[in-house]
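Here the structure is laid out as structure tokens; the discussion comes afterwards.
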Amino acid sequence: MNVLDVRDLSKYFDLHHTGRRIPAFARLNLALQAGEFVLISGPNGVGKSTLLRTLYRTCRPTGGQALYRSALGEIDLAAAADVDISLLRRREIGMVSQFLRPRPRVSALDLVAEPLLDEGQPDAHDRAAALLSDFGLKPDLWAAYPSTFSGGEQQKVNLARALIRPARLLLLDEPTASLDAPARSALRARLAQLKAGGTALLGVFHHPEDMAGLIDRDLPLTPPPA
């Protein structure tokens with residue numbers, strides 16, 4: 001059974017001051033199974049990142065359906081209430097973007113451990129430390145605030161936080177853009193673990209060769225008609 005069925009999903013941006021409608025993608029279809037890793041490819045401007053944000057419901061689609069089979073039953077991500085989307089984000093759907101927006105005065109270790117602390121898991125900080133170590137963030141920085149870190153260091157914290165808890169559906173938007181080679185290798189290893197555990201993965205990668213052997217198939221996007 002598919003984890004996600006995307007049917008005729010479309011996203012347009014209305015520029016009200018010019019009276020124009022700009023298409024991001026139109027009538028897109030996708031079926032994604034548990035443990036499957038699908039790469040979204042295509043030139044700049046065809047809506048790759050917008051598709052991920054639409055599925056995560058950072059923005060609403062213009063039309064179509066995104067039927068997600070959660071642990072509690074099927075739900076249309078395109079039409080679900082915000083409260084239901086919020087619950088799914090906490091429990092089942094993960095998103096990794098290129099950028100970390102850290103809260104002030106929260107340490108890197110606490111930020112990464114937070115998803116497990118919210119579930120009352122006693123080993124949350126130990127698991128957070130292990131992931132930060134895997135991604136190559138120096139232990140001297142674990143107690144520091146990520147808002148003071150470089151872009152690459154922030155991305156390591158971002159990844160550790162997003163990947164510390166397995167998700168049923170994981171959306172990846174250029175997660176390797178700011179990473180050095182060892183961190184990209186650690187990300188690959190973690191994604192391999194999640195994939196083997198049944199996580200469905202949908203991602204955009206600037207260097208898809210980093211994920212060679214893990215990606216099952218390619219979903220190429222092309223510019224929709226204006």
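FYI, nothing fancy with the structure tokens labels: chains A, B, ... in order, residues from 1 per chain, ligands from 1 as they appear.
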
Stretch 77-90 of chain A environment, 12 Å, only C-alpha atoms, sequence neighbours closer than 6 positions dropped, as a PyMOL selection string:
chain A and resi 4-11+51-71+96+114-116+118-119+162+165-171

Those selected residues, please, written with C-alpha atoms and delivered as a PDB file, in the first residue's frame.
ATOM      1  CA  LEU A   4       1.328   8.870  -0.403  1.00  0.00           C
ATOM      2  CA  ASP A   5      -0.858   9.229  -3.502  1.00  0.00           C
ATOM      3  CA  VAL A   6      -0.575  12.626  -5.222  1.00  0.00           C
ATOM      4  CA  ARG A   7      -3.336  13.156  -7.773  1.00  0.00           C
ATOM      5  CA  ASP A   8      -3.486  16.082 -10.193  1.00  0.00           C
ATOM      6  CA  LEU A   9      -1.765  18.351  -7.666  1.00  0.00           C
ATOM      7  CA  SER A  10      -1.229  21.916  -8.867  1.00  0.00           C
ATOM      8  CA  LYS A  11       0.250  25.079  -7.422  1.00  0.00           C
ATOM      9  CA  LEU A  51       6.212  20.699  -4.283  1.00  0.00           C
ATOM     10  CA  LEU A  52       7.864  19.705  -1.008  1.00  0.00           C
ATOM     11  CA  ARG A  53       6.559  22.797   0.777  1.00  0.00           C
ATOM     12  CA  THR A  54       3.082  22.092  -0.589  1.00  0.00           C
ATOM     13  CA  LEU A  55       3.122  18.522   0.704  1.00  0.00           C
ATOM     14  CA  TYR A  56       4.377  19.748   4.081  1.00  0.00           C
ATOM     15  CA  ARG A  57       1.657  22.375   3.843  1.00  0.00           C
ATOM     16  CA  THR A  58       3.921  25.368   4.295  1.00  0.00           C
ATOM     17  CA  CYS A  59       1.855  26.611   1.363  1.00  0.00           C
ATOM     18  CA  ARG A  60      -1.511  25.391   0.115  1.00  0.00           C
ATOM     19  CA  PRO A  61      -1.960  23.812  -3.308  1.00  0.00           C
ATOM     20  CA  THR A  62      -4.209  25.390  -5.918  1.00  0.00           C
ATOM     21  CA  GLY A  63      -5.891  22.095  -6.759  1.00  0.00           C
ATOM     22  CA  GLY A  64      -5.663  18.319  -6.617  1.00  0.00           C
ATOM     23  CA  GLN A  65      -5.146  15.844  -3.792  1.00  0.00           C
ATOM     24  CA  ALA A  66      -2.263  14.500  -1.719  1.00  0.00           C
ATOM     25  CA  LEU A  67      -3.676  11.431   0.016  1.00  0.00           C
ATOM     26  CA  TYR A  68      -1.438  10.428   2.925  1.00  0.00           C
ATOM     27  CA  ARG A  69      -2.057   7.154   4.769  1.00  0.00           C
ATOM     28  CA  SER A  70      -1.243   7.957   8.358  1.00  0.00           C
ATOM     29  CA  ALA A  71      -1.226   5.591  11.311  1.00  0.00           C
ATOM     30  CA  VAL A  96      14.548  18.947   6.104  1.00  0.00           C
ATOM     31  CA  GLU A 114      13.623  18.300  21.725  1.00  0.00           C
ATOM     32  CA  PRO A 115      11.500  15.969  19.533  1.00  0.00           C
ATOM     33  CA  LEU A 116      12.389  13.037  21.797  1.00  0.00           C
ATOM     34  CA  ASP A 118       8.485  15.954  23.903  1.00  0.00           C
ATOM     35  CA  GLU A 119       7.780  12.215  23.815  1.00  0.00           C
ATOM     36  CA  ALA A 162      14.974  16.490  11.734  1.00  0.00           C
ATOM     37  CA  ARG A 165      13.061  10.478  15.198  1.00  0.00           C
ATOM     38  CA  PRO A 166      11.955   8.146  12.372  1.00  0.00           C
ATOM     39  CA  ALA A 167       9.140   9.506  10.217  1.00  0.00           C
ATOM     40  CA  ARG A 168       6.666   7.690   7.990  1.00  0.00           C
ATOM     41  CA  LEU A 169       7.225  10.357   5.306  1.00  0.00           C
ATOM     42  CA  LEU A 170      10.390  12.442   5.048  1.00  0.00           C
ATOM     43  CA  LEU A 171      10.711  15.425   2.687  1.00  0.00           C
TER      44      LEU A 171
END

Within 6 Å of A:Ala200, counting only C-alpha atoms, which residues qualify if same-chain residues fewer than 3 places away don't, as a PDB file with N, CA and C atoms, in the first residue's frame?
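Writing the result to result.pdb gives the following:
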ATOM      1  N   ALA A  34       6.107   2.824   1.198  1.00  0.00           N
ATOM      2  CA  ALA A  34       6.954   2.756   2.383  1.00  0.00           C
ATOM      3  C   ALA A  34       8.330   2.221   1.987  1.00  0.00           C
ATOM      4  N   GLY A  35       9.379   2.849   2.485  1.00  0.00           N
ATOM      5  CA  GLY A  35      10.732   2.406   2.185  1.00  0.00           C
ATOM      6  C   GLY A  35      11.225   2.777   0.800  1.00  0.00           C
ATOM      7  N   GLU A  36      10.476   3.617   0.075  1.00  0.00           N
ATOM      8  CA  GLU A  36      10.880   4.033  -1.266  1.00  0.00           C
ATOM      9  C   GLU A  36      11.494   5.430  -1.212  1.00  0.00           C
ATOM     10  N   LEU A 169       6.968   9.639   6.555  1.00  0.00           N
ATOM     11  CA  LEU A 169       7.225  10.357   5.306  1.00  0.00           C
ATOM     12  C   LEU A 169       8.243  11.448   5.603  1.00  0.00           C
TER      13      LEU A 169
END

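The gap separating atom CA of A:Ala113 from atom CA of A:Asp210 is 26.5 Å, in Å to one decimal.
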
List every residue of stretch 74-157 of chain A that DSSP, applied to the backbone, labels as alpha helix (DSSP H), and write the result as a PyMOL selection string.
chain A and resi 82-91+108-117+124-134+151-157

Could you turn the residues from that selection into a file that holds N, CA and C atoms, as a short mmCIF file (atom, residue, chain, number, x, y, z; two decimals), in the first residue's frame?
data_model
loop_
_atom_site.label_atom_id
_atom_site.label_comp_id
_atom_site.auth_asym_id
_atom_site.auth_seq_id
_atom_site.Cartn_x
_atom_site.Cartn_y
_atom_site.Cartn_z
N ASP A 82 -5.46 22.81 9.65
CA ASP A 82 -4.12 23.12 10.15
C ASP A 82 -3.78 22.32 11.40
N VAL A 83 -4.75 22.08 12.26
CA VAL A 83 -4.48 21.34 13.50
C VAL A 83 -4.08 19.90 13.19
N ASP A 84 -4.66 19.32 12.16
CA ASP A 84 -4.30 17.95 11.76
C ASP A 84 -2.91 17.92 11.13
N ILE A 85 -2.59 18.92 10.34
CA ILE A 85 -1.25 19.01 9.75
C ILE A 85 -0.21 19.16 10.84
N SER A 86 -0.49 19.97 11.84
CA SER A 86 0.44 20.16 12.94
C SER A 86 0.69 18.85 13.68
N LEU A 87 -0.34 18.07 13.90
CA LEU A 87 -0.19 16.77 14.57
C LEU A 87 0.65 15.82 13.73
N LEU A 88 0.41 15.78 12.42
CA LEU A 88 1.18 14.90 11.54
C LEU A 88 2.65 15.31 11.53
N ARG A 89 2.93 16.59 11.55
CA ARG A 89 4.32 17.06 11.58
C ARG A 89 5.03 16.60 12.85
N ARG A 90 4.31 16.61 13.96
CA ARG A 90 4.94 16.19 15.21
C ARG A 90 5.15 14.69 15.27
N ARG A 91 4.28 13.92 14.62
CA ARG A 91 4.30 12.47 14.80
C ARG A 91 4.80 11.67 13.61
N ALA A 108 22.45 23.76 20.98
CA ALA A 108 22.37 22.80 19.89
C ALA A 108 21.89 21.44 20.38
N LEU A 109 22.43 21.00 21.52
CA LEU A 109 22.05 19.68 22.05
C LEU A 109 20.57 19.65 22.43
N ASP A 110 20.09 20.69 23.10
CA ASP A 110 18.68 20.73 23.49
C ASP A 110 17.77 20.81 22.27
N LEU A 111 18.19 21.56 21.26
CA LEU A 111 17.37 21.71 20.06
C LEU A 111 17.21 20.38 19.35
N VAL A 112 18.29 19.61 19.26
CA VAL A 112 18.23 18.31 18.58
C VAL A 112 17.43 17.31 19.40
N ALA A 113 17.59 17.35 20.72
CA ALA A 113 16.91 16.38 21.60
C ALA A 113 15.42 16.66 21.75
N GLU A 114 14.98 17.86 21.42
CA GLU A 114 13.62 18.30 21.73
C GLU A 114 12.52 17.37 21.22
N PRO A 115 12.58 16.86 19.97
CA PRO A 115 11.50 15.97 19.53
C PRO A 115 11.34 14.72 20.41
N LEU A 116 12.47 14.21 20.92
CA LEU A 116 12.39 13.04 21.80
C LEU A 116 11.99 13.43 23.21
N LEU A 117 12.43 14.61 23.67
CA LEU A 117 12.03 15.08 25.00
C LEU A 117 10.51 15.28 25.06
N ALA A 124 17.02 10.98 25.34
CA ALA A 124 16.95 11.97 24.27
C ALA A 124 18.29 12.68 24.06
N HIS A 125 18.92 13.11 25.13
CA HIS A 125 20.18 13.85 24.99
C HIS A 125 21.32 12.94 24.52
N ASP A 126 21.32 11.69 24.94
CA ASP A 126 22.35 10.76 24.47
C ASP A 126 22.22 10.52 22.97
N ARG A 127 21.00 10.37 22.49
CA ARG A 127 20.79 10.14 21.07
C ARG A 127 21.10 11.40 20.27
N ALA A 128 20.77 12.55 20.84
CA ALA A 128 21.10 13.81 20.17
C ALA A 128 22.61 13.97 20.05
N ALA A 129 23.33 13.66 21.12
CA ALA A 129 24.79 13.76 21.10
C ALA A 129 25.39 12.82 20.05
N ALA A 130 24.84 11.62 19.94
CA ALA A 130 25.35 10.65 18.97
C ALA A 130 25.17 11.16 17.55
N LEU A 131 24.01 11.75 17.24
CA LEU A 131 23.77 12.25 15.90
C LEU A 131 24.63 13.46 15.58
N LEU A 132 24.77 14.37 16.54
CA LEU A 132 25.63 15.53 16.32
C LEU A 132 27.07 15.09 16.08
N SER A 133 27.50 14.07 16.79
CA SER A 133 28.84 13.53 16.58
C SER A 133 28.97 12.92 15.19
N ASP A 134 27.94 12.16 14.77
CA ASP A 134 27.96 11.55 13.44
C ASP A 134 28.08 12.61 12.35
N GLY A 151 26.94 28.58 8.46
CA GLY A 151 25.87 27.91 7.73
C GLY A 151 25.99 26.41 7.73
N GLY A 152 27.22 25.89 7.55
CA GLY A 152 27.42 24.45 7.54
C GLY A 152 27.16 23.82 8.89
N GLU A 153 27.58 24.49 9.96
CA GLU A 153 27.34 23.97 11.31
C GLU A 153 25.85 24.00 11.64
N GLN A 154 25.16 25.06 11.22
CA GLN A 154 23.71 25.13 11.45
C GLN A 154 22.99 24.00 10.72
N GLN A 155 23.45 23.68 9.52
CA GLN A 155 22.79 22.61 8.77
C GLN A 155 22.99 21.26 9.44
N LYS A 156 24.12 21.04 10.09
CA LYS A 156 24.33 19.79 10.81
C LYS A 156 23.35 19.66 11.97
N VAL A 157 23.11 20.77 12.67
CA VAL A 157 22.12 20.77 13.74
C VAL A 157 20.73 20.54 13.16
#

Counting only C-alpha atoms, what is within 12 Å of A:Ala212, bar same-chain residues fewer than 4 positions away, as a list in words?
Phe37, Val38, Leu39, Ser185, Arg188, Ala189, Leu191, Ala192, Phe205, His207, Pro208, Asp216, Arg217 and Asp218 of chain A

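Counting only C-alpha atoms and comparing A:Phe135, A:Phe99, A:Phe13, A:Tyr145, the residue that lies closest to A:Asp173 is A:Phe99.
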
Quick one: distance from atom CA of A:Arg190 to atom CA of A:Ile164 in Å, one decimal?
9.3 Å

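Minimum distance to A:Ala160 across A:Glu174, A:His16, A:Ala183, A:Pro220 (counting only C-alpha atoms) occurs at A:Ala183.
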